[in-house]
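**Student:** As input, take protein06.txt (compact mmCIF, C-alpha atoms and all ligand atoms):
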```txt
# COMPACT_ATOMS: atom_id res chain seq x y z
CA MET A 1 -60.95 8.79 -183.10
CA THR A 2 -62.28 7.47 -186.42
CA HIS A 3 -62.87 3.76 -185.68
CA LYS A 4 -66.01 3.04 -183.71
CA ALA A 5 -68.09 -0.10 -183.12
CA ASP A 6 -70.49 -1.72 -180.67
CA VAL A 7 -67.92 -4.43 -179.90
CA ILE A 8 -64.22 -4.78 -180.72
CA VAL A 9 -62.97 -8.37 -180.86
CA VAL A 10 -59.22 -8.74 -180.31
CA GLY A 11 -57.76 -11.89 -181.89
CA VAL A 12 -59.31 -13.76 -184.83
CA GLY A 13 -58.43 -17.42 -184.26
CA ALA A 14 -61.04 -20.08 -183.47
CA PHE A 15 -62.67 -18.17 -180.62
CA GLY A 16 -62.42 -14.63 -182.03
CA SER A 17 -63.74 -15.53 -185.48
CA ALA A 18 -66.72 -17.32 -183.90
CA VAL A 19 -67.40 -14.41 -181.50
CA ALA A 20 -67.28 -11.94 -184.42
CA TRP A 21 -69.66 -14.13 -186.47
CA ARG A 22 -72.21 -14.58 -183.67
CA LEU A 23 -72.16 -10.88 -182.72
CA ALA A 24 -72.47 -9.69 -186.32
CA ALA A 25 -75.28 -12.19 -187.02
CA ARG A 26 -77.29 -10.39 -184.32
CA GLY A 27 -76.88 -7.07 -186.09
CA MET A 28 -74.15 -5.72 -183.82
CA ASP A 29 -71.52 -3.42 -185.27
CA VAL A 30 -68.27 -5.41 -184.92
CA ILE A 31 -64.61 -4.68 -185.59
CA ALA A 32 -62.26 -7.66 -185.16
CA LEU A 33 -58.48 -7.16 -185.15
CA ASP A 34 -55.62 -9.63 -185.41
CA GLN A 35 -51.91 -8.90 -185.15
CA GLU A 36 -51.28 -11.54 -187.85
CA SER A 37 -52.93 -12.59 -191.12
CA ILE A 38 -56.16 -14.61 -190.84
CA PRO A 39 -55.96 -17.55 -190.52
CA ASN A 40 -52.36 -17.79 -189.33
CA ASP A 41 -50.01 -20.51 -188.08
CA LYS A 42 -48.63 -18.52 -185.14
CA GLY A 43 -51.28 -19.31 -182.52
CA SER A 44 -53.45 -22.33 -181.75
CA SER A 45 -55.84 -22.59 -184.71
CA HIS A 46 -53.82 -24.20 -187.48
CA GLY A 47 -52.74 -27.66 -188.65
CA GLN A 48 -55.58 -28.97 -190.84
CA THR A 49 -57.85 -30.59 -188.24
CA ARG A 50 -59.24 -30.67 -184.71
CA ILE A 51 -61.12 -33.57 -183.11
CA PHE A 52 -64.74 -33.01 -182.11
CA ARG A 53 -65.91 -35.06 -179.12
CA ALA A 54 -69.16 -34.55 -177.24
CA LEU A 55 -69.07 -37.30 -174.59
CA SER A 56 -65.51 -37.15 -173.30
CA GLN A 57 -65.15 -33.80 -171.57
CA ASN A 58 -63.26 -32.62 -168.53
CA HIS A 59 -66.45 -31.02 -167.20
CA VAL A 60 -69.83 -32.69 -167.46
CA ASP A 61 -71.51 -29.38 -168.38
CA LEU A 62 -69.41 -29.10 -171.52
CA PHE A 63 -71.78 -31.53 -173.25
CA PRO A 64 -74.49 -28.87 -173.83
CA LEU A 65 -71.78 -26.48 -175.08
CA ALA A 66 -70.51 -29.18 -177.47
CA MET A 67 -74.00 -29.78 -178.84
CA LEU A 68 -74.65 -26.05 -179.27
CA SER A 69 -71.28 -25.76 -181.00
CA LYS A 70 -72.02 -28.67 -183.32
CA GLN A 71 -75.34 -27.15 -184.36
CA LEU A 72 -73.55 -23.87 -185.14
CA TRP A 73 -70.70 -25.58 -187.04
CA ARG A 74 -73.36 -27.22 -189.22
CA GLU A 75 -75.11 -23.88 -189.69
CA LEU A 76 -71.78 -22.33 -190.72
CA GLN A 77 -71.09 -25.22 -193.07
CA ASP A 78 -74.50 -24.86 -194.72
CA ALA A 79 -74.14 -21.09 -195.06
CA THR A 80 -70.65 -21.17 -196.58
CA LYS A 81 -70.94 -24.48 -198.49
CA GLN A 82 -67.42 -25.36 -197.25
CA ARG A 83 -66.41 -28.74 -195.80
CA LEU A 84 -66.01 -27.80 -192.13
CA PHE A 85 -67.12 -30.92 -190.25
CA GLU A 86 -66.62 -34.61 -191.07
CA ALA A 87 -69.17 -36.66 -189.12
CA SER A 88 -66.91 -39.69 -188.72
CA GLY A 89 -67.79 -40.43 -185.09
CA ALA A 90 -64.98 -40.69 -182.53
CA LEU A 91 -63.54 -43.38 -180.27
CA ILE A 92 -62.74 -42.97 -176.60
CA ILE A 93 -60.37 -45.76 -175.56
CA GLY A 94 -59.31 -46.69 -172.06
CA GLU A 95 -59.62 -49.10 -169.18
CA ASN A 96 -63.21 -50.11 -168.57
CA GLY A 97 -64.79 -48.12 -165.74
CA ARG A 98 -61.85 -45.73 -165.32
CA GLY A 99 -60.59 -42.31 -166.47
CA ARG A 100 -61.97 -41.02 -169.74
CA ILE A 101 -64.32 -44.02 -170.18
CA ALA A 102 -65.94 -43.53 -166.77
CA ASN A 103 -66.20 -39.80 -167.43
CA ALA A 104 -67.80 -40.30 -170.87
CA LEU A 105 -70.29 -42.85 -169.51
CA GLU A 106 -71.23 -40.39 -166.76
CA VAL A 107 -71.88 -37.67 -169.36
CA ALA A 108 -73.89 -40.16 -171.47
CA ARG A 109 -75.98 -41.23 -168.45
CA ARG A 110 -76.67 -37.66 -167.41
CA PHE A 111 -77.82 -36.64 -170.90
CA GLY A 112 -79.70 -39.86 -171.76
CA ILE A 113 -77.37 -41.22 -174.45
CA GLU A 114 -76.60 -44.93 -174.86
CA PRO A 115 -73.21 -45.10 -176.57
CA GLN A 116 -71.95 -48.29 -178.16
CA VAL A 117 -69.07 -49.85 -176.22
CA LEU A 118 -66.63 -52.10 -178.11
CA SER A 119 -64.59 -54.73 -176.27
CA SER A 120 -60.85 -54.83 -177.01
CA GLY A 121 -61.48 -57.78 -179.36
CA GLU A 122 -64.26 -55.97 -181.23
CA LEU A 123 -62.07 -52.86 -181.50
CA ARG A 124 -59.16 -54.86 -182.95
CA ARG A 125 -61.45 -56.62 -185.44
CA GLN A 126 -63.22 -53.43 -186.57
CA TYR A 127 -60.08 -51.25 -186.61
CA PRO A 128 -56.93 -53.43 -187.03
CA ALA A 129 -54.77 -50.27 -186.55
CA PHE A 130 -55.59 -50.63 -182.84
CA SER A 131 -54.26 -54.21 -182.67
CA ASN A 132 -52.00 -53.21 -179.74
CA VAL A 133 -54.74 -52.28 -177.25
CA SER A 134 -54.69 -54.45 -174.14
CA ASP A 135 -57.47 -56.85 -173.13
CA ASP A 136 -58.73 -54.64 -170.29
CA GLU A 137 -59.30 -51.65 -172.60
CA VAL A 138 -62.63 -50.83 -174.26
CA ALA A 139 -63.66 -48.28 -176.89
CA LEU A 140 -66.69 -46.12 -176.45
CA VAL A 141 -68.15 -44.84 -179.72
CA ASP A 142 -69.07 -41.15 -179.51
CA PRO A 143 -71.77 -40.87 -182.21
CA GLU A 144 -71.57 -37.06 -182.15
CA GLY A 145 -67.81 -37.08 -182.75
CA GLY A 146 -65.89 -36.14 -185.87
CA LEU A 147 -63.31 -33.80 -187.31
CA LEU A 148 -63.28 -30.06 -187.88
CA PHE A 149 -61.13 -28.51 -190.62
CA THR A 150 -59.23 -25.84 -188.75
CA GLU A 151 -58.28 -23.11 -191.19
CA GLU A 152 -61.52 -23.56 -193.19
CA CYS A 153 -63.56 -23.09 -189.99
CA VAL A 154 -61.82 -19.79 -189.15
CA GLU A 155 -62.18 -18.58 -192.75
CA ALA A 156 -65.87 -19.54 -192.83
CA ALA A 157 -66.67 -17.71 -189.57
CA VAL A 158 -64.80 -14.64 -190.85
CA SER A 159 -66.62 -14.69 -194.18
CA GLN A 160 -70.00 -15.00 -192.44
CA ALA A 161 -69.13 -12.21 -190.01
CA ARG A 162 -68.18 -10.01 -192.98
CA SER A 163 -71.42 -10.89 -194.76
CA TYR A 164 -73.26 -9.40 -191.76
CA GLY A 165 -71.17 -6.22 -191.97
CA ALA A 166 -68.30 -6.92 -189.52
CA GLN A 167 -64.94 -5.32 -190.28
CA ILE A 168 -62.21 -7.94 -189.89
CA ARG A 169 -58.72 -6.41 -189.99
CA GLU A 170 -55.37 -8.17 -190.18
CA ASN A 171 -51.90 -7.09 -188.99
CA ILE A 172 -53.12 -4.72 -186.27
CA GLU A 173 -51.68 -5.33 -182.83
CA VAL A 174 -53.70 -4.35 -179.78
CA HIS A 175 -51.57 -2.89 -176.98
CA GLY A 176 -54.27 -2.50 -174.32
CA HIS A 177 -57.40 -0.56 -173.44
CA ARG A 178 -58.87 1.96 -171.02
CA GLU A 179 -62.45 2.67 -170.08
CA ASP A 180 -63.61 6.17 -170.96
CA GLY A 181 -67.13 7.08 -169.81
CA ASP A 182 -69.55 4.66 -171.47
CA ASP A 183 -66.89 3.46 -173.93
CA VAL A 184 -63.71 1.44 -174.02
CA VAL A 185 -60.75 2.86 -175.93
CA VAL A 186 -58.56 0.14 -177.47
CA ARG A 187 -54.96 1.17 -178.21
CA THR A 188 -53.50 -0.44 -181.34
CA SER A 189 -50.59 -0.24 -183.75
CA GLU A 190 -52.99 1.64 -186.08
CA GLY A 191 -54.25 4.17 -183.53
CA ASP A 192 -57.17 4.10 -181.10
CA PHE A 193 -60.45 2.26 -181.63
CA ARG A 194 -63.55 2.98 -179.55
CA ALA A 195 -66.43 0.65 -178.66
CA GLN A 196 -68.97 -0.04 -175.97
CA GLN A 197 -67.42 -3.42 -175.16
CA VAL A 198 -64.27 -5.35 -176.02
CA VAL A 199 -63.73 -9.12 -176.24
CA TYR A 200 -60.20 -10.49 -175.91
CA ALA A 201 -59.91 -13.81 -177.81
CA THR A 202 -56.14 -13.62 -177.86
CA GLY A 203 -55.21 -17.27 -177.28
CA ALA A 204 -51.80 -17.75 -175.67
CA TRP A 205 -51.16 -13.98 -175.66
CA THR A 206 -53.97 -13.57 -173.10
CA ALA A 207 -51.45 -14.69 -170.46
CA LYS A 208 -49.52 -11.41 -170.76
CA LEU A 209 -52.55 -9.20 -171.37
CA PHE A 210 -54.32 -10.54 -168.24
CA PRO A 211 -51.65 -11.91 -165.84
CA GLN A 212 -54.30 -12.10 -163.10
CA LEU A 213 -55.87 -15.07 -164.97
CA ASN A 214 -52.77 -17.14 -164.30
CA LEU A 215 -52.70 -18.72 -167.80
CA ASP A 216 -49.84 -20.91 -168.96
CA PRO A 217 -48.98 -20.65 -172.70
CA LEU A 218 -47.48 -23.91 -173.90
CA ARG A 219 -45.55 -24.86 -177.02
CA ILE A 220 -46.75 -28.18 -178.49
CA PRO A 221 -45.45 -30.01 -181.57
CA GLN A 222 -48.17 -31.10 -184.02
CA CYS A 223 -46.95 -34.24 -185.82
CA TRP A 224 -48.08 -36.29 -188.79
CA PHE A 225 -47.00 -39.88 -189.47
CA SER A 226 -46.92 -42.01 -192.63
CA THR A 227 -47.41 -45.72 -193.16
CA GLU A 228 -44.43 -47.80 -191.97
CA GLY A 229 -42.00 -48.09 -194.88
CA SER A 230 -43.54 -45.31 -197.00
CA GLU A 231 -43.14 -41.54 -196.82
CA HIS A 232 -46.10 -40.94 -199.13
CA GLU A 233 -48.86 -43.21 -197.85
CA SER A 234 -50.96 -43.06 -194.73
CA PRO A 235 -53.84 -44.84 -193.05
CA THR A 236 -57.06 -42.90 -193.66
CA LEU A 237 -59.89 -41.76 -191.46
CA SER A 238 -61.73 -45.02 -191.99
CA ASP A 239 -58.65 -46.94 -190.73
CA ILE A 240 -58.05 -44.68 -187.72
CA PRO A 241 -61.14 -42.63 -186.82
CA PRO A 242 -60.65 -39.68 -184.45
CA PHE A 243 -59.70 -41.19 -181.09
CA GLN A 244 -58.38 -40.38 -177.65
CA ARG A 245 -56.80 -43.17 -175.63
CA ASP A 246 -55.92 -42.98 -171.95
CA LEU A 247 -52.32 -44.01 -171.26
CA ASN A 248 -52.44 -43.49 -167.50
CA SER A 249 -54.27 -41.19 -165.07
CA THR A 250 -52.78 -38.00 -166.57
CA ASP A 251 -51.63 -38.71 -170.12
CA SER A 252 -53.46 -39.68 -173.28
CA LEU A 253 -52.75 -40.28 -176.95
CA TRP A 254 -55.05 -38.72 -179.56
CA GLY A 255 -55.19 -38.70 -183.33
CA HIS A 256 -56.84 -39.76 -186.57
CA GLY A 257 -55.98 -41.09 -190.03
CA ALA A 258 -55.54 -38.88 -193.10
CA ALA A 259 -58.71 -36.89 -193.79
CA ALA A 260 -57.90 -35.90 -197.39
CA PRO A 261 -55.73 -37.21 -200.26
CA GLY A 262 -52.06 -36.34 -199.67
CA TRP A 263 -52.59 -35.81 -195.93
CA PHE A 264 -51.10 -37.99 -193.18
CA THR A 265 -52.09 -39.55 -189.87
CA LYS A 266 -52.02 -36.98 -187.10
CA ILE A 267 -51.06 -38.19 -183.60
CA GLY A 268 -50.31 -36.26 -180.42
CA THR A 269 -50.21 -36.57 -176.67
CA HIS A 270 -52.14 -34.67 -174.04
CA GLY A 271 -50.76 -34.24 -170.57
CA HIS A 272 -47.16 -35.42 -170.76
CA PRO A 273 -44.69 -32.56 -170.34
CA THR A 274 -41.84 -32.49 -172.82
CA ARG A 275 -39.00 -30.02 -173.26
CA ASN A 276 -39.66 -26.29 -172.59
CA ARG A 277 -43.41 -26.44 -172.96
CA SER A 278 -44.14 -23.14 -171.16
CA VAL A 279 -43.20 -20.23 -173.42
CA ASP A 280 -42.79 -16.48 -173.41
CA THR A 281 -45.16 -15.42 -176.22
CA ASP A 282 -42.72 -12.64 -177.21
CA ASN A 283 -40.03 -15.21 -177.93
CA ILE A 284 -41.32 -18.54 -179.25
CA ASP A 285 -38.98 -21.21 -180.57
CA ARG A 286 -40.95 -22.48 -183.59
CA THR A 287 -38.49 -25.18 -184.61
CA VAL A 288 -39.51 -28.75 -183.78
CA HIS A 289 -36.46 -30.38 -182.15
CA ASP A 290 -35.72 -34.10 -181.90
CA ASP A 291 -36.37 -34.10 -178.15
CA ASP A 292 -39.78 -32.41 -178.69
CA VAL A 293 -40.99 -35.55 -180.46
CA GLU A 294 -38.98 -38.28 -178.74
CA TYR A 295 -41.74 -39.30 -176.31
CA LEU A 296 -44.49 -39.14 -178.96
CA SER A 297 -42.40 -41.20 -181.41
CA SER A 298 -41.87 -43.91 -178.81
CA LEU A 299 -45.63 -44.03 -178.13
CA VAL A 300 -46.49 -44.22 -181.83
CA GLY A 301 -43.97 -47.05 -182.18
CA THR A 302 -45.52 -49.10 -179.39
CA SER A 303 -49.17 -48.24 -180.17
CA PHE A 304 -49.37 -48.70 -183.95
CA ASP A 305 -47.70 -51.50 -185.97
CA ASN A 306 -48.59 -49.84 -189.27
CA LEU A 307 -47.13 -46.35 -188.65
CA SER A 308 -43.57 -45.10 -189.00
CA SER A 309 -42.57 -43.68 -185.60
CA THR A 310 -40.66 -40.73 -187.12
CA PRO A 311 -42.97 -37.82 -188.05
CA VAL A 312 -43.15 -37.06 -191.76
CA GLU A 313 -44.33 -33.50 -190.98
CA SER A 314 -44.40 -31.36 -187.85
CA SER A 315 -45.01 -27.81 -186.67
CA ILE A 316 -45.26 -25.89 -183.41
CA CYS A 317 -48.70 -24.97 -182.11
CA LEU A 318 -49.58 -22.99 -178.97
CA LEU A 319 -51.91 -24.12 -176.23
CA THR A 320 -53.32 -21.90 -173.46
CA MET A 321 -53.64 -23.85 -170.24
CA THR A 322 -55.73 -22.71 -167.26
CA CYS A 323 -55.23 -23.84 -163.67
CA ASP A 324 -58.15 -26.32 -163.95
CA GLU A 325 -57.91 -27.06 -167.71
CA GLN A 326 -61.24 -25.32 -168.19
CA PHE A 327 -61.81 -22.36 -170.53
CA VAL A 328 -61.98 -18.72 -169.45
CA VAL A 329 -65.16 -17.32 -170.95
CA GLY A 330 -67.01 -14.33 -169.58
CA ARG A 331 -66.84 -10.78 -168.30
CA MET A 332 -63.84 -9.51 -166.39
CA ARG A 333 -65.14 -8.17 -163.06
CA ASP A 334 -66.95 -4.81 -163.12
CA SER A 335 -65.81 -3.93 -166.60
CA LYS A 336 -66.84 -3.69 -170.26
CA VAL A 337 -64.21 -6.29 -171.05
CA PHE A 338 -64.83 -9.96 -171.88
CA VAL A 339 -62.35 -12.79 -172.28
CA ALA A 340 -62.72 -15.93 -174.44
CA SER A 341 -59.52 -17.92 -174.03
CA GLY A 342 -57.85 -20.72 -172.07
CA GLY A 343 -58.68 -23.46 -174.60
CA SER A 344 -56.47 -25.89 -172.61
CA GLY A 345 -56.01 -28.19 -175.61
CA GLN A 346 -59.71 -28.80 -176.17
CA GLY A 347 -61.19 -25.45 -177.19
CA PHE A 348 -61.56 -25.60 -180.95
CA LYS A 349 -64.63 -27.79 -181.07
CA HIS A 350 -66.42 -25.47 -178.62
CA ALA A 351 -65.51 -22.21 -180.37
CA THR A 352 -68.90 -21.57 -182.00
CA GLY A 353 -70.73 -22.24 -178.72
CA VAL A 354 -68.30 -19.92 -176.92
CA GLY A 355 -69.05 -17.30 -179.62
CA GLU A 356 -72.76 -17.65 -178.90
CA VAL A 357 -72.30 -17.35 -175.13
CA ILE A 358 -70.13 -14.22 -175.50
CA ALA A 359 -72.66 -12.70 -177.94
CA ASP A 360 -75.41 -13.30 -175.35
CA LEU A 361 -73.34 -11.72 -172.60
CA CYS A 362 -72.46 -8.70 -174.74
CA GLN A 363 -76.17 -8.18 -175.38
CA GLY A 364 -77.05 -8.63 -171.71
CA VAL A 365 -79.00 -11.84 -172.44
CA GLU A 366 -78.74 -14.89 -170.16
CA PRO A 367 -77.04 -17.67 -172.22
CA SER A 368 -79.16 -20.77 -172.91
CA ILE A 369 -76.52 -23.01 -171.33
CA ASP A 370 -74.59 -22.89 -168.04
CA TYR A 371 -71.30 -21.09 -168.59
CA THR A 372 -70.49 -20.11 -165.00
CA PHE A 373 -67.94 -22.92 -164.55
CA MET A 374 -65.88 -21.21 -167.29
CA SER A 375 -66.13 -17.72 -165.82
CA PRO A 376 -62.97 -15.66 -165.09
CA ASP A 377 -64.34 -15.19 -161.55
CA ARG A 378 -63.46 -18.74 -160.52
CA ILE A 379 -59.78 -17.93 -161.14
CA LEU A 380 -59.84 -14.35 -159.89
CA SER A 381 -61.50 -15.39 -156.63
CA GLN A 382 -58.60 -17.76 -155.86
CA ARG A 383 -56.09 -14.91 -155.87
C1 LIG B 401 -51.49 -29.62 -180.87
C2 LIG B 401 -52.87 -29.19 -180.50
C3 LIG B 401 -53.94 -30.05 -180.71
C4 LIG B 401 -55.23 -29.65 -180.37
N1 LIG B 401 -56.25 -30.52 -180.61
C5 LIG B 401 -57.52 -30.14 -180.37
C6 LIG B 401 -58.60 -30.99 -180.71
O1 LIG B 401 -58.39 -32.08 -181.25
N2 LIG B 401 -59.87 -30.56 -180.47
C7 LIG B 401 -60.12 -29.33 -179.92
O2 LIG B 401 -61.29 -29.00 -179.73
N3 LIG B 401 -59.11 -28.49 -179.58
C8 LIG B 401 -57.82 -28.86 -179.80
N4 LIG B 401 -56.78 -28.03 -179.50
C9 LIG B 401 -57.07 -26.73 -178.87
C10 LIG B 401 -57.54 -25.68 -179.88
O3 LIG B 401 -56.74 -25.73 -181.03
C11 LIG B 401 -57.48 -24.31 -179.22
O4 LIG B 401 -58.25 -24.35 -178.01
C12 LIG B 401 -58.07 -23.22 -180.11
O5 LIG B 401 -57.50 -23.27 -181.40
C13 LIG B 401 -57.78 -21.88 -179.43
O6 LIG B 401 -58.13 -20.82 -180.29
P1 LIG B 401 -57.95 -19.32 -179.82
O7 LIG B 401 -58.83 -18.51 -180.69
O8 LIG B 401 -58.12 -19.22 -178.34
O9 LIG B 401 -56.40 -18.98 -180.05
P2 LIG B 401 -55.63 -18.63 -181.40
O10 LIG B 401 -56.07 -19.47 -182.52
O11 LIG B 401 -54.17 -18.62 -181.07
O12 LIG B 401 -56.11 -17.15 -181.72
C14 LIG B 401 -55.64 -16.04 -181.03
C15 LIG B 401 -55.40 -14.93 -182.04
O13 LIG B 401 -55.19 -13.72 -181.31
C16 LIG B 401 -54.24 -12.96 -182.01
N5 LIG B 401 -53.67 -12.01 -181.04
C17 LIG B 401 -53.04 -12.32 -179.89
N6 LIG B 401 -52.67 -11.19 -179.24
C18 LIG B 401 -53.08 -10.16 -180.01
C19 LIG B 401 -53.00 -8.74 -179.88
N7 LIG B 401 -52.42 -8.16 -178.82
N8 LIG B 401 -53.53 -7.95 -180.85
C20 LIG B 401 -54.16 -8.53 -181.93
N9 LIG B 401 -54.24 -9.87 -182.10
C21 LIG B 401 -53.74 -10.66 -181.16
C22 LIG B 401 -53.24 -14.00 -182.51
O14 LIG B 401 -52.48 -13.51 -183.60
C23 LIG B 401 -54.16 -15.16 -182.88
O15 LIG B 401 -54.51 -15.13 -184.25
C24 LIG B 401 -55.47 -28.38 -179.81
C25 LIG B 401 -54.40 -27.51 -179.59
C26 LIG B 401 -53.11 -27.90 -179.94
C27 LIG B 401 -51.98 -26.94 -179.69
```
Write out the structure in this file as structure tokens.
**Tutor:**
Amino acid sequence: MTHKADVIVVGVGAFGSAVAWRLAARGMDVIALDQESIPNDKGSSHGQTRIFRALSQNHVDLFPLAMLSKQLWRELQDATKQRLFEASGALIIGENGRGRIANALEVARRFGIEPQVLSSGELRRQYPAFSNVSDDEVALVDPEGGLLFTEECVEAAVSQARSYGAQIRENIEVHGHREDGDDVVVRTSEGDFRAQQVVYATGAWTAKLFPQLNLDPLRIPQCWFSTEGSEHESPTLSDIPPFQRDLNSTDSLWGHGAAAPGWFTKIGTHGHPTRNRSVDTDNIDRTVHDDDVEYLSSLVGTSFDNLSSTPVESSICLLTMTCDEQFVVGRMRDSKVFVASGGSGQGFKHATGVGEVIADLCQGVEPSIDYTFMSPDRILSQR
């Protein structure tokens, strides 16, 4: 039994890298293990960018988590001198008084923010790429919004964790754990590791490791589009800022223009089920098929006059859906085991805040923000 730490973190994607950083920054002895290289394109934390929104959340109490996360992303950016966050603002588009707009205005009211609201005409004038919005839609400007650079964020959190003494190890698969007196013994492909506590930040693989959490791992195509008539050009971030647009009560379209030279416009859908979305994480089809992108292509065609509706690039990404589309962050009942997973398509932006909450919980400190609505107990108590 040679490997020993205060906390073992299993999985080093967005959540695990942030947990390792926040724990190590407090002087805790951390070992973090990933079955793949870090960063990797097998889980959920790859594909250049993730949108940061503070106002539009599926739970009103996510706003404080978003603000805590933003402060920590900036801290990470300053410490590593890497470009991690682009403060471009973000647009929330939808029917006035309904869906995402109503939800964002409720968050703004509760936290004393007065966001700018653009009429459909103002939106079309300011951003001609949105010329196809209908007259009853408005755009709410989220001043806290922007873009995070996915792989750079994971690398930065890992490098900071290492600078505080954390051991971050690649290509080690965790098979499970057992409690042994005051410790937890973690079984891996490289032998046993021992710690006082263990945090599982295993993304889509959490579904098999903790079937009692009832998680649904989904396979989602990430797609990039070029300017109509050109395979090499693209609208930029100033043409299409990060946005999410309600299509109906369940589906939305999200995306943004190219954020760096040589990059393309990234567009996706949230909500609409396409072919074989639920996957067995032991057997993932990583090829993007025509029928994976059919629905998205048709939406891009009708929503944007200036974009080709056939993706110029695409890749498969995993998404870990919970029963209420809310994260699973906290201690598993009566154990030394914590879970940070269930990103439900919106987790990346909150990863640093989740890291801070888990670090508090591991140290027995009450987190500064309410996290109980994300706790595993809400799911376990329904069983
Ligand atoms: C197409 C798409 C678009 C998205 N857009 C946004 C967005 O705009 N904004 C936003 O905030 N969020 C967005 N998300 C969600 C966000 O990307 C995820 O919530 C986040 O990346 C989840 O990170 P994670 O650390 O939970 O999982 P992952 O990044 O998958 O990390 C889990 C890690 O655990 C490792 N692992 C698993 N099992 C084991 C094991 N047994 N032993 C060792 N290692 C193991 C894996 O190899 C992996 O590296 C999007 C997701 C998708 C799919």
**Student:** Step by step, measure atom-to-atom distances between ligand LIG 401 (chain B) and each residue using all atoms listed in the file, keep those at most 6 Å, then write them as an MDAnalysis selection string.
**Tutor:** chainID A and resid 10:16 33:36 43:45 50:52 172:175 201:205 220 222 317:319 341 343:349
**Student:** What does the structure give for the distance between atom CA of Ile358 of chain A and atom CA of Asn103 of chain A, in Å to one decimal?
**Tutor:**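 Going from atom CA of Ile358 of chain A over to atom CA of Asn103 of chain A covers 27.1 Å.
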**Student:** Given all atoms listed in the file as the basis, pick out the residue of A:Cys153, A:Val133, A:Ala260, A:Ala54 nearest to Ala104 of chain A.
**Tutor:**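 For Ala104 of chain A, the nearest of the candidates is A:Ala54.
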**Student:** Can you list, as a ChimeraX atom specification, every protein, DNA or RNA residue that comes within 9 Å of Ser120 of chain A when you count only C-alpha atoms, leaving out same-chain residues fewer than 3 positions away?
**Tutor:** /A:123-125,130-131,133-139
**Student:** I'd like the interatomic distance between atom CA of Glu75 of chain A and atom CA of Val19 of chain A, to a tenth of an Å.
**Tutor:**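 Distance between the two atoms: 14.7 Å.
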**Student:** Which residue out of A:Thr320, A:Ser278, A:Gln197, A:Ser298 has the minimum interatomic distance to Gln363 of chain A when all atoms listed in the file are used?
**Tutor:**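 Under the stated criterion, the closest residue is A:Gln197.
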**Student:** Restricting the calculation to all atoms listed in the file: of A:Gly364, A:Gly27, A:Gly146, A:Gly89, which residue gets closest to Arg162 of chain A?
**Tutor:**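 The answer is A:Gly27, which sits nearest to Arg162 of chain A.
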**Student:** Atom CA of Gly271 of chain A and atom CA of Arg98 of chain A, how far apart in Å?
**Tutor:**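 Separation of atom CA of Arg98 of chain A and atom CA of Gly271 of chain A: 16.8 Å.
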